[in-house]
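Raw contents of input02.cif, mmCIF, N, CA and C atoms:
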```
data_query
#
loop_
_atom_site.label_atom_id
_atom_site.label_comp_id
_atom_site.auth_asym_id
_atom_site.auth_seq_id
_atom_site.Cartn_x
_atom_site.Cartn_y
_atom_site.Cartn_z
N MET W 1 68.49 26.62 84.46
CA MET W 1 69.37 27.77 84.43
C MET W 1 68.72 28.86 83.59
N ASP W 2 68.72 30.12 84.11
CA ASP W 2 68.16 31.20 83.32
C ASP W 2 69.21 31.77 82.36
N MET W 3 68.77 32.62 81.45
CA MET W 3 69.65 33.15 80.41
C MET W 3 70.79 33.98 81.00
N ALA W 4 70.54 34.71 82.07
CA ALA W 4 71.59 35.53 82.68
C ALA W 4 72.74 34.67 83.16
N GLU W 5 72.42 33.48 83.68
CA GLU W 5 73.48 32.60 84.17
C GLU W 5 74.29 32.01 83.03
N SER W 6 73.69 31.80 81.87
CA SER W 6 74.40 31.18 80.77
C SER W 6 75.22 32.18 79.97
N LYS W 7 74.99 33.46 80.15
CA LYS W 7 75.70 34.49 79.42
C LYS W 7 77.03 34.79 80.12
N PRO W 8 78.13 34.83 79.37
CA PRO W 8 79.40 35.15 80.03
C PRO W 8 79.38 36.57 80.59
N ARG W 9 79.95 36.71 81.77
CA ARG W 9 79.94 38.02 82.42
C ARG W 9 80.86 39.00 81.70
N VAL W 10 82.07 38.62 81.45
CA VAL W 10 83.03 39.51 80.80
C VAL W 10 82.91 39.34 79.29
N ARG W 11 82.69 40.44 78.61
CA ARG W 11 82.54 40.42 77.16
C ARG W 11 83.85 40.86 76.50
N ARG W 12 84.12 40.30 75.33
CA ARG W 12 85.34 40.60 74.59
C ARG W 12 84.98 41.26 73.26
N TYR W 13 85.67 42.34 72.96
CA TYR W 13 85.50 43.05 71.70
C TYR W 13 86.87 43.07 71.03
N GLU W 14 86.99 42.37 69.90
CA GLU W 14 88.29 42.10 69.31
C GLU W 14 88.54 42.87 68.03
N ALA W 15 89.75 43.39 67.91
CA ALA W 15 90.28 43.97 66.68
C ALA W 15 91.61 43.28 66.42
N ASP W 16 92.22 43.55 65.28
CA ASP W 16 93.48 42.90 64.94
C ASP W 16 94.59 43.21 65.94
N ASP W 17 94.62 44.45 66.45
CA ASP W 17 95.74 44.87 67.28
C ASP W 17 95.45 44.97 68.78
N VAL W 18 94.17 44.96 69.16
CA VAL W 18 93.82 45.10 70.58
C VAL W 18 92.46 44.47 70.86
N VAL W 19 92.33 43.91 72.05
CA VAL W 19 91.06 43.37 72.53
C VAL W 19 90.64 44.21 73.72
N VAL W 20 89.38 44.61 73.74
CA VAL W 20 88.82 45.30 74.89
C VAL W 20 87.92 44.31 75.61
N THR W 21 88.14 44.16 76.92
CA THR W 21 87.24 43.33 77.73
C THR W 21 86.38 44.26 78.57
N PHE W 22 85.13 43.84 78.77
CA PHE W 22 84.16 44.66 79.49
C PHE W 22 83.39 43.79 80.46
N ASP W 23 83.40 44.18 81.73
CA ASP W 23 82.63 43.50 82.77
C ASP W 23 81.46 44.42 83.14
N PRO W 24 80.27 44.16 82.59
CA PRO W 24 79.14 45.07 82.83
C PRO W 24 78.75 45.19 84.30
N LYS W 25 79.05 44.18 85.09
CA LYS W 25 78.70 44.25 86.51
C LYS W 25 79.48 45.35 87.23
N LEU W 26 80.67 45.67 86.73
CA LEU W 26 81.50 46.68 87.38
C LEU W 26 81.26 48.09 86.85
N CYS W 27 80.57 48.22 85.75
CA CYS W 27 80.38 49.53 85.10
C CYS W 27 79.32 50.35 85.84
N ILE W 28 79.66 51.59 86.15
CA ILE W 28 78.69 52.50 86.76
C ILE W 28 78.43 53.70 85.85
N HIS W 29 78.80 53.59 84.60
CA HIS W 29 78.52 54.59 83.58
C HIS W 29 79.15 55.94 83.88
N ALA W 30 80.42 55.91 84.27
CA ALA W 30 81.18 57.15 84.46
C ALA W 30 81.43 57.82 83.11
N GLN W 31 81.38 57.07 82.03
CA GLN W 31 81.47 57.52 80.65
C GLN W 31 82.81 58.11 80.25
N GLU W 32 83.87 57.76 80.97
CA GLU W 32 85.22 58.19 80.56
C GLU W 32 85.53 57.65 79.17
N CYS W 33 85.09 56.44 78.88
CA CYS W 33 85.34 55.82 77.58
C CYS W 33 84.59 56.54 76.47
N VAL W 34 83.31 56.81 76.69
CA VAL W 34 82.46 57.45 75.69
C VAL W 34 82.96 58.85 75.37
N ARG W 35 83.33 59.61 76.39
CA ARG W 35 83.85 60.95 76.17
C ARG W 35 85.24 60.92 75.55
N GLY W 36 86.04 59.93 75.92
CA GLY W 36 87.42 59.88 75.48
C GLY W 36 87.62 59.39 74.06
N LEU W 37 86.78 58.47 73.59
CA LEU W 37 86.95 57.88 72.26
C LEU W 37 85.59 57.43 71.74
N PRO W 38 84.73 58.41 71.38
CA PRO W 38 83.36 58.07 70.98
C PRO W 38 83.27 57.22 69.72
N GLU W 39 84.29 57.23 68.88
CA GLU W 39 84.25 56.38 67.68
C GLU W 39 84.44 54.90 68.01
N VAL W 40 84.95 54.61 69.21
CA VAL W 40 85.12 53.23 69.66
C VAL W 40 84.03 52.84 70.65
N PHE W 41 83.69 53.74 71.56
CA PHE W 41 82.72 53.47 72.62
C PHE W 41 81.46 54.28 72.35
N ASP W 42 80.47 53.64 71.74
CA ASP W 42 79.25 54.33 71.33
C ASP W 42 78.05 53.51 71.79
N ILE W 43 77.36 54.01 72.81
CA ILE W 43 76.26 53.24 73.40
C ILE W 43 75.07 53.09 72.46
N ASP W 44 75.04 53.85 71.37
CA ASP W 44 73.95 53.72 70.40
C ASP W 44 74.25 52.72 69.30
N GLU W 45 75.46 52.17 69.27
CA GLU W 45 75.86 51.19 68.26
C GLU W 45 75.82 49.78 68.83
N ARG W 46 75.78 48.78 67.98
CA ARG W 46 75.90 47.38 68.37
C ARG W 46 76.93 46.72 67.50
N PRO W 47 77.98 46.16 68.02
CA PRO W 47 78.31 46.21 69.45
C PRO W 47 78.72 47.62 69.86
N TRP W 48 78.57 47.93 71.13
CA TRP W 48 78.84 49.29 71.60
C TRP W 48 80.33 49.59 71.67
N VAL W 49 81.18 48.54 71.67
CA VAL W 49 82.63 48.72 71.66
C VAL W 49 83.14 48.23 70.31
N GLN W 50 83.84 49.11 69.58
CA GLN W 50 84.39 48.78 68.27
C GLN W 50 85.85 49.21 68.22
N PRO W 51 86.75 48.38 68.79
CA PRO W 51 88.16 48.78 68.90
C PRO W 51 88.86 48.96 67.56
N GLN W 52 88.32 48.43 66.49
CA GLN W 52 88.92 48.60 65.17
C GLN W 52 88.79 50.03 64.66
N ASN W 53 88.00 50.87 65.33
CA ASN W 53 87.76 52.24 64.86
C ASN W 53 88.80 53.25 65.32
N ALA W 54 89.84 52.79 66.02
CA ALA W 54 90.93 53.68 66.45
C ALA W 54 92.19 52.85 66.62
N GLY W 55 93.31 53.52 66.74
CA GLY W 55 94.57 52.84 66.96
C GLY W 55 94.62 52.22 68.34
N ALA W 56 95.39 51.17 68.46
CA ALA W 56 95.49 50.45 69.75
C ALA W 56 95.99 51.34 70.87
N ASP W 57 96.95 52.22 70.60
CA ASP W 57 97.47 53.11 71.65
C ASP W 57 96.36 54.00 72.20
N ALA W 58 95.52 54.53 71.32
CA ALA W 58 94.42 55.39 71.76
C ALA W 58 93.41 54.60 72.58
N VAL W 59 93.12 53.38 72.15
CA VAL W 59 92.16 52.53 72.88
C VAL W 59 92.70 52.23 74.28
N VAL W 60 93.97 51.85 74.37
CA VAL W 60 94.57 51.54 75.67
C VAL W 60 94.55 52.78 76.57
N ASP W 61 94.88 53.93 76.00
CA ASP W 61 94.90 55.17 76.79
C ASP W 61 93.53 55.47 77.39
N VAL W 62 92.48 55.36 76.60
CA VAL W 62 91.14 55.67 77.09
C VAL W 62 90.66 54.61 78.07
N VAL W 63 90.90 53.35 77.78
CA VAL W 63 90.49 52.28 78.70
C VAL W 63 91.16 52.45 80.07
N SER W 64 92.39 52.92 80.08
CA SER W 64 93.08 53.09 81.35
C SER W 64 92.47 54.19 82.21
N ARG W 65 91.57 54.99 81.64
CA ARG W 65 90.87 56.03 82.40
C ARG W 65 89.60 55.52 83.08
N CYS W 66 89.17 54.30 82.75
CA CYS W 66 87.96 53.74 83.34
C CYS W 66 88.18 53.62 84.85
N PRO W 67 87.40 54.35 85.66
CA PRO W 67 87.68 54.38 87.09
C PRO W 67 87.23 53.14 87.86
N THR W 68 86.47 52.26 87.22
CA THR W 68 85.92 51.11 87.93
C THR W 68 86.63 49.80 87.63
N GLY W 69 87.43 49.77 86.57
CA GLY W 69 88.04 48.51 86.14
C GLY W 69 87.11 47.66 85.31
N ALA W 70 85.98 48.23 84.88
CA ALA W 70 85.05 47.47 84.04
C ALA W 70 85.66 47.19 82.67
N LEU W 71 86.54 48.08 82.22
CA LEU W 71 87.21 47.93 80.92
C LEU W 71 88.68 47.62 81.11
N HIS W 72 89.19 46.72 80.30
CA HIS W 72 90.63 46.43 80.24
C HIS W 72 90.99 46.13 78.80
N THR W 73 92.27 46.09 78.52
CA THR W 73 92.73 45.78 77.17
C THR W 73 93.75 44.65 77.19
N GLU W 74 93.85 44.01 76.04
CA GLU W 74 94.89 43.01 75.78
C GLU W 74 95.47 43.37 74.42
N ARG W 75 96.77 43.66 74.38
CA ARG W 75 97.41 44.01 73.10
C ARG W 75 97.73 42.76 72.32
N ARG W 76 97.53 42.83 71.01
CA ARG W 76 97.87 41.74 70.09
C ARG W 76 99.03 42.12 69.18
N ASP W 77 99.40 43.39 69.19
CA ASP W 77 100.39 43.88 68.25
C ASP W 77 101.78 44.06 68.86
N GLY W 78 101.95 43.64 70.10
CA GLY W 78 103.24 43.79 70.77
C GLY W 78 103.44 45.15 71.40
N GLY W 79 102.47 46.04 71.27
CA GLY W 79 102.58 47.37 71.85
C GLY W 79 102.37 47.36 73.36
N GLN W 80 102.57 48.52 73.95
CA GLN W 80 102.43 48.69 75.40
C GLN W 80 100.97 48.55 75.80
N ASP W 81 100.71 47.63 76.73
CA ASP W 81 99.37 47.46 77.27
C ASP W 81 99.18 48.45 78.41
N GLU W 82 98.08 48.34 79.11
CA GLU W 82 97.83 49.22 80.24
C GLU W 82 98.99 49.12 81.22
N ALA W 83 99.51 50.27 81.60
CA ALA W 83 100.62 50.29 82.56
C ALA W 83 100.05 50.19 83.97
N PRO W 84 100.60 49.30 84.79
CA PRO W 84 100.14 49.22 86.18
C PRO W 84 100.31 50.56 86.89
N ILE W 85 99.37 50.90 87.72
CA ILE W 85 99.43 52.13 88.51
C ILE W 85 100.14 51.78 89.81
N THR W 86 101.26 52.42 90.06
CA THR W 86 102.06 52.03 91.23
C THR W 86 101.67 52.77 92.50
N ASP W 87 101.30 54.03 92.40
CA ASP W 87 100.91 54.79 93.58
C ASP W 87 99.41 54.60 93.84
N VAL W 88 99.08 54.25 95.07
CA VAL W 88 97.67 54.08 95.42
C VAL W 88 97.08 55.45 95.73
N THR W 89 95.96 55.75 95.08
CA THR W 89 95.24 56.99 95.35
C THR W 89 93.77 56.67 95.56
N ILE W 90 93.12 57.49 96.36
CA ILE W 90 91.68 57.38 96.59
C ILE W 90 91.09 58.74 96.29
N ARG W 91 90.12 58.75 95.38
CA ARG W 91 89.47 60.01 94.99
C ARG W 91 87.99 59.91 95.31
N GLU W 92 87.52 60.87 96.07
CA GLU W 92 86.11 60.94 96.43
C GLU W 92 85.34 61.61 95.30
N VAL W 93 84.27 60.98 94.84
CA VAL W 93 83.40 61.56 93.83
C VAL W 93 82.25 62.23 94.57
N VAL W 94 81.97 63.47 94.22
CA VAL W 94 80.89 64.21 94.88
C VAL W 94 79.60 63.40 94.79
N ASN W 95 79.03 63.10 95.94
CA ASN W 95 77.78 62.34 96.04
C ASN W 95 77.84 61.00 95.31
N GLY W 96 79.02 60.41 95.28
CA GLY W 96 79.22 59.15 94.59
C GLY W 96 80.24 58.27 95.29
N PRO W 97 80.86 57.38 94.53
CA PRO W 97 81.76 56.39 95.12
C PRO W 97 83.14 56.95 95.45
N LEU W 98 83.96 56.07 95.98
CA LEU W 98 85.40 56.32 96.12
C LEU W 98 86.07 55.59 94.97
N TYR W 99 86.84 56.32 94.17
CA TYR W 99 87.63 55.70 93.11
C TYR W 99 89.01 55.41 93.68
N VAL W 100 89.39 54.15 93.66
CA VAL W 100 90.70 53.73 94.16
C VAL W 100 91.52 53.26 92.98
N SER W 101 92.73 53.79 92.85
CA SER W 101 93.62 53.33 91.79
C SER W 101 94.96 52.98 92.41
N GLY W 102 95.64 52.05 91.78
CA GLY W 102 96.91 51.52 92.28
C GLY W 102 96.80 50.02 92.34
N GLU W 103 97.74 49.39 92.98
CA GLU W 103 97.67 47.93 93.14
C GLU W 103 96.68 47.62 94.25
N VAL W 104 95.44 47.34 93.86
CA VAL W 104 94.35 47.16 94.81
C VAL W 104 94.02 45.68 94.95
N SER W 105 93.98 45.22 96.19
CA SER W 105 93.50 43.87 96.51
C SER W 105 92.34 44.04 97.47
N VAL W 106 91.19 43.53 97.09
CA VAL W 106 90.01 43.58 97.96
C VAL W 106 89.88 42.20 98.59
N VAL W 107 89.82 42.18 99.92
CA VAL W 107 89.80 40.91 100.66
C VAL W 107 88.52 40.78 101.47
N ASP W 108 88.14 39.53 101.74
CA ASP W 108 86.95 39.30 102.56
C ASP W 108 87.34 39.24 104.03
N ASP W 109 86.38 38.94 104.89
CA ASP W 109 86.62 38.91 106.34
C ASP W 109 87.69 37.90 106.74
N ASP W 110 87.86 36.86 105.93
CA ASP W 110 88.87 35.84 106.23
C ASP W 110 90.23 36.17 105.63
N GLY W 111 90.34 37.31 104.95
CA GLY W 111 91.60 37.70 104.35
C GLY W 111 91.83 37.14 102.95
N ALA W 112 90.84 36.46 102.39
CA ALA W 112 90.97 35.90 101.04
C ALA W 112 90.72 37.01 100.01
N VAL W 113 91.59 37.11 99.04
CA VAL W 113 91.46 38.11 97.99
C VAL W 113 90.35 37.68 97.03
N PHE W 114 89.39 38.57 96.78
CA PHE W 114 88.35 38.24 95.81
C PHE W 114 88.34 39.18 94.62
N ARG W 115 89.19 40.20 94.64
CA ARG W 115 89.39 41.02 93.44
C ARG W 115 90.71 41.75 93.54
N GLU W 116 91.48 41.67 92.46
CA GLU W 116 92.70 42.45 92.32
C GLU W 116 92.60 43.23 91.03
N ASP W 117 92.92 44.49 91.09
CA ASP W 117 92.82 45.34 89.90
C ASP W 117 93.65 46.59 90.15
N TRP W 118 93.72 47.44 89.13
CA TRP W 118 94.39 48.74 89.27
C TRP W 118 93.39 49.85 89.47
N ARG W 119 92.10 49.54 89.29
CA ARG W 119 91.07 50.55 89.41
C ARG W 119 89.81 49.89 89.97
N VAL W 120 89.25 50.47 91.02
CA VAL W 120 87.97 50.01 91.57
C VAL W 120 87.16 51.22 92.04
N ALA W 121 85.85 51.05 92.06
CA ALA W 121 84.95 52.06 92.60
C ALA W 121 84.25 51.43 93.80
N LEU W 122 84.44 52.03 94.96
CA LEU W 122 83.87 51.50 96.20
C LEU W 122 82.64 52.30 96.61
N CYS W 123 81.63 51.58 97.07
CA CYS W 123 80.37 52.19 97.50
C CYS W 123 80.58 53.01 98.76
N ARG W 124 79.98 54.20 98.76
CA ARG W 124 79.95 55.05 99.96
C ARG W 124 78.55 55.23 100.49
N CYS W 125 77.54 54.93 99.66
CA CYS W 125 76.17 55.26 100.04
C CYS W 125 75.49 54.13 100.82
N GLY W 126 75.98 52.91 100.68
CA GLY W 126 75.38 51.77 101.34
C GLY W 126 74.25 51.12 100.56
N ALA W 127 73.88 51.66 99.41
CA ALA W 127 72.74 51.14 98.64
C ALA W 127 73.14 50.12 97.57
N SER W 128 74.42 49.94 97.32
CA SER W 128 74.87 49.04 96.25
C SER W 128 74.46 47.60 96.54
N ASP W 129 74.05 46.90 95.48
CA ASP W 129 73.78 45.46 95.58
C ASP W 129 75.04 44.65 95.37
N ASP W 130 76.16 45.31 95.13
CA ASP W 130 77.43 44.64 94.85
C ASP W 130 78.53 45.11 95.80
N LYS W 131 78.16 45.37 97.06
CA LYS W 131 79.13 45.86 98.04
C LYS W 131 80.32 44.90 98.14
N PRO W 132 81.51 45.41 98.28
CA PRO W 132 81.87 46.79 98.60
C PRO W 132 81.97 47.69 97.37
N PHE W 133 81.64 47.16 96.18
CA PHE W 133 81.78 47.94 94.95
C PHE W 133 80.54 48.77 94.69
N CYS W 134 80.75 49.90 94.05
CA CYS W 134 79.66 50.77 93.64
C CYS W 134 78.96 50.15 92.44
N ASP W 135 77.64 50.21 92.43
CA ASP W 135 76.88 49.76 91.25
C ASP W 135 76.03 50.89 90.68
N GLY W 136 76.29 52.12 91.12
CA GLY W 136 75.55 53.28 90.63
C GLY W 136 74.28 53.57 91.41
N SER W 137 73.99 52.81 92.45
CA SER W 137 72.75 52.98 93.22
C SER W 137 72.68 54.32 93.94
N HIS W 138 73.80 54.99 94.12
CA HIS W 138 73.81 56.26 94.84
C HIS W 138 72.90 57.30 94.16
N THR W 139 72.77 57.22 92.85
CA THR W 139 71.94 58.17 92.12
C THR W 139 70.47 58.00 92.49
N ALA W 140 69.96 56.77 92.37
CA ALA W 140 68.56 56.51 92.70
C ALA W 140 68.28 56.70 94.18
N ALA W 141 69.29 56.46 95.02
CA ALA W 141 69.12 56.59 96.46
C ALA W 141 69.16 58.06 96.90
N GLY W 142 69.56 58.95 96.00
CA GLY W 142 69.64 60.36 96.36
C GLY W 142 70.76 60.65 97.35
N PHE W 143 71.81 59.84 97.30
CA PHE W 143 72.94 59.98 98.23
C PHE W 143 73.61 61.34 98.09
N THR W 144 73.81 61.99 99.23
CA THR W 144 74.61 63.22 99.28
C THR W 144 75.61 63.06 100.41
N ALA W 145 76.77 63.63 100.18
CA ALA W 145 77.82 63.54 101.20
C ALA W 145 78.31 64.91 101.55
#
```

File written out as structure tokens:
Amino acid sequence: MDMAESKPRVRRYEADDVVVTFDPKLCIHAQECVRGLPEVFDIDERPWVQPQNAGADAVVDVVSRCPTGALHTERRDGGQDEAPITDVTIREVVNGPLYVSGEVSVVDDDGAVFREDWRVALCRCGASDDKPFCDGSHTAAGFTA
């Protein structure tokens, strides 16, 4: 087994009042987190997520802006966690993916659900190695729409 296989895919960053989970496979570096709360999400720091640097409400608010579902939160203080998005919306990103928000179920050809989330980024360029999800390949592929 190589090291990539032994490393857990979803990473946890814990503070007393909130836990941030991060799935790097889903991240396409939209940077909503970095712009929204740079004292918590700082790519130059290790660990890059430090939820103890802001209040839990602020962390939850910024994480809920992640368009791919790579980030999620778990409240430990009894406060309001991420609110489910009830209305389904699809937003086209210029020369990029489709951001889908709402109660999203992605199913395979046999109808089996393989991902449920409130936020996903779907590939439009055809170059993603993680289809149907965007992996950021549109940039290197020079995709224009």

Q: Taking the file as shown, find all residues satisfying the PyMOL selection byres ((chain W and resi 11) around 6.5) and write them as a list in words.
A: Pro8, Arg9, Val10, Arg12, Tyr13, Val20, Thr21, Phe22, Asp23 and Pro24 of chain W

Q.
Give me the residues near Pro97 in chain W as a ChimeraX atom specification, where near means some atom within 6.5 Å (using all atoms listed in the file) and where sequence neighbours in that chain fewer than 6 positions away do not count.
A. /W:91,121-125,134

Q. Do you know which residues are at most 8 Å from Ser137 in chain W counting only N, CA and C atoms, after dropping those on the same chain fewer than 6 positions away, and could you put them as number ranges by chain?
A. W: 28, 125-129, 143

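Residues with at least one atom no more than 12 Å from (79.9, 42.4, 64.5), using only C-alpha atoms, are Arg12, Tyr13, Glu14, Ala15, Glu45, Arg46, Pro47, Trp48, Val49, Gln50, Pro51 and Gln52 of chain W.
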
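Going from CA of Thr86 in chain W over to atom N of Asp17 in chain W, you cover 27.0 Å.
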
Q. By how many Å are CA of Lys25 in chain W and CA of Phe133 in chain W apart?
A. 9.7 Å

(Q) So that I can check the secondary structure, give me every residue of chain W assigned strand (DSSP E or B) by backbone DSSP, as a ChimeraX atom specification. (A) /W:11-14,18-22,41,49,71-75,89-92,98-107,113-122,133

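Here CA of Cys33 in chain W is placed at a distance of 9.9 Å from CA of Pro67 in chain W.
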
**Q.** Residue set, range 3-104 of chain W restricted to alpha helix (DSSP H), as a PyMOL selection string
**A.** chain W and resi 3-6+32-36+56-63

Q.
Nearest residue to Asp77 in chain W out of W:Leu26, W:Ala140, W:Ala56, W:Val113, using only C-alpha atoms?
A. W:Ala56

To test your reading of the syntax: which residues would the PyMOL selection byres ((chain W and resi 83) around 8) return for the file shown? Reply as a tab-separated table (two decimals) with N, CA and C atoms, in the frame of the given file.
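What follows is the written file part-v1.tsv:
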```
chain	number	residue	atom	x	y	z
W	60	VAL	N	93.97	51.85	74.37
W	60	VAL	CA	94.57	51.54	75.67
W	60	VAL	C	94.55	52.78	76.57
W	64	SER	N	92.39	52.92	80.08
W	64	SER	CA	93.08	53.09	81.35
W	64	SER	C	92.47	54.19	82.21
W	80	GLN	N	102.57	48.52	73.95
W	80	GLN	CA	102.43	48.69	75.40
W	80	GLN	C	100.97	48.55	75.80
W	81	ASP	N	100.71	47.63	76.73
W	81	ASP	CA	99.37	47.46	77.27
W	81	ASP	C	99.18	48.45	78.41
W	82	GLU	N	98.08	48.34	79.11
W	82	GLU	CA	97.83	49.22	80.24
W	82	GLU	C	98.99	49.12	81.22
W	84	PRO	N	100.60	49.30	84.79
W	84	PRO	CA	100.14	49.22	86.18
W	84	PRO	C	100.31	50.56	86.89
W	85	ILE	N	99.37	50.90	87.72
W	85	ILE	CA	99.43	52.13	88.51
W	85	ILE	C	100.14	51.78	89.81
W	86	THR	N	101.26	52.42	90.06
W	86	THR	CA	102.06	52.03	91.23
W	86	THR	C	101.67	52.77	92.50
W	118	TRP	N	93.72	47.44	89.13
W	118	TRP	CA	94.39	48.74	89.27
W	118	TRP	C	93.39	49.85	89.47
```

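Close to (83.3, 57.1, 84.6), meaning no more than 7 Å away when counting all atoms listed in the file, sit the residues Ile28, His29, Ala30, Gln31, Glu32, Cys33, Arg65, Cys66, Pro67 and Thr68 of chain W.
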
Output N, CA and C atoms for every residue in the selection just made, as a CSV table (one decimal), in the coordinates of the input.
```csv
chain,number,residue,atom,x,y,z
W,28,ILE,N,79.7,51.6,86.2
W,28,ILE,CA,78.7,52.5,86.8
W,28,ILE,C,78.4,53.7,85.8
W,29,HIS,N,78.8,53.6,84.6
W,29,HIS,CA,78.5,54.6,83.6
W,29,HIS,C,79.2,55.9,83.9
W,30,ALA,N,80.4,55.9,84.3
W,30,ALA,CA,81.2,57.2,84.5
W,30,ALA,C,81.4,57.8,83.1
W,31,GLN,N,81.4,57.1,82.0
W,31,GLN,CA,81.5,57.5,80.6
W,31,GLN,C,82.8,58.1,80.2
W,32,GLU,N,83.9,57.8,81.0
W,32,GLU,CA,85.2,58.2,80.6
W,32,GLU,C,85.5,57.6,79.2
W,33,CYS,N,85.1,56.4,78.9
W,33,CYS,CA,85.3,55.8,77.6
W,33,CYS,C,84.6,56.5,76.5
W,65,ARG,N,91.6,55.0,81.6
W,65,ARG,CA,90.9,56.0,82.4
W,65,ARG,C,89.6,55.5,83.1
W,66,CYS,N,89.2,54.3,82.8
W,66,CYS,CA,88.0,53.7,83.3
W,66,CYS,C,88.2,53.6,84.8
W,67,PRO,N,87.4,54.4,85.7
W,67,PRO,CA,87.7,54.4,87.1
W,67,PRO,C,87.2,53.1,87.9
W,68,THR,N,86.5,52.3,87.2
W,68,THR,CA,85.9,51.1,87.9
W,68,THR,C,86.6,49.8,87.6
```

Return as a PDB file with N, CA and C atoms, keeping the file's coordinate frame the set of residues that the PyMOL selection byres ((chain W and resi 116) around 7) yields on the displayed structure.
```pdb
ATOM      1  N   GLU W 103      97.740  49.390  92.980  1.00  0.00           N
ATOM      2  CA  GLU W 103      97.670  47.930  93.140  1.00  0.00           C
ATOM      3  C   GLU W 103      96.680  47.620  94.250  1.00  0.00           C
ATOM      4  N   VAL W 104      95.440  47.340  93.860  1.00  0.00           N
ATOM      5  CA  VAL W 104      94.350  47.160  94.810  1.00  0.00           C
ATOM      6  C   VAL W 104      94.020  45.680  94.950  1.00  0.00           C
ATOM      7  N   SER W 105      93.980  45.220  96.190  1.00  0.00           N
ATOM      8  CA  SER W 105      93.500  43.870  96.510  1.00  0.00           C
ATOM      9  C   SER W 105      92.340  44.040  97.470  1.00  0.00           C
ATOM     10  N   VAL W 106      91.190  43.530  97.090  1.00  0.00           N
ATOM     11  CA  VAL W 106      90.010  43.580  97.960  1.00  0.00           C
ATOM     12  C   VAL W 106      89.880  42.200  98.590  1.00  0.00           C
ATOM     13  N   VAL W 113      91.590  37.110  99.040  1.00  0.00           N
ATOM     14  CA  VAL W 113      91.460  38.110  97.990  1.00  0.00           C
ATOM     15  C   VAL W 113      90.350  37.680  97.030  1.00  0.00           C
ATOM     16  N   PHE W 114      89.390  38.570  96.780  1.00  0.00           N
ATOM     17  CA  PHE W 114      88.350  38.240  95.810  1.00  0.00           C
ATOM     18  C   PHE W 114      88.340  39.180  94.620  1.00  0.00           C
ATOM     19  N   ARG W 115      89.190  40.200  94.640  1.00  0.00           N
ATOM     20  CA  ARG W 115      89.390  41.020  93.440  1.00  0.00           C
ATOM     21  C   ARG W 115      90.710  41.750  93.540  1.00  0.00           C
ATOM     22  N   ASP W 117      92.920  44.490  91.090  1.00  0.00           N
ATOM     23  CA  ASP W 117      92.820  45.340  89.900  1.00  0.00           C
ATOM     24  C   ASP W 117      93.650  46.590  90.150  1.00  0.00           C
ATOM     25  N   TRP W 118      93.720  47.440  89.130  1.00  0.00           N
ATOM     26  CA  TRP W 118      94.390  48.740  89.270  1.00  0.00           C
ATOM     27  C   TRP W 118      93.390  49.850  89.470  1.00  0.00           C
ATOM     28  N   ARG W 119      92.100  49.540  89.290  1.00  0.00           N
ATOM     29  CA  ARG W 119      91.070  50.550  89.410  1.00  0.00           C
ATOM     30  C   ARG W 119      89.810  49.890  89.970  1.00  0.00           C
TER      31      ARG W 119
END
```

Please define a box with edges along x, y and z of the file around all atoms of range 131-141 of chain W given in the file, extend it by 3 Å on each side, and return its centre and edge lengths in Å to one decimal, as AutoDock Vina command-line options.
```
--center_x 75.1 --center_y 51.5 --center_z 94.6 --size_x 19.7 --size_y 19.3 --size_z 14.0
```
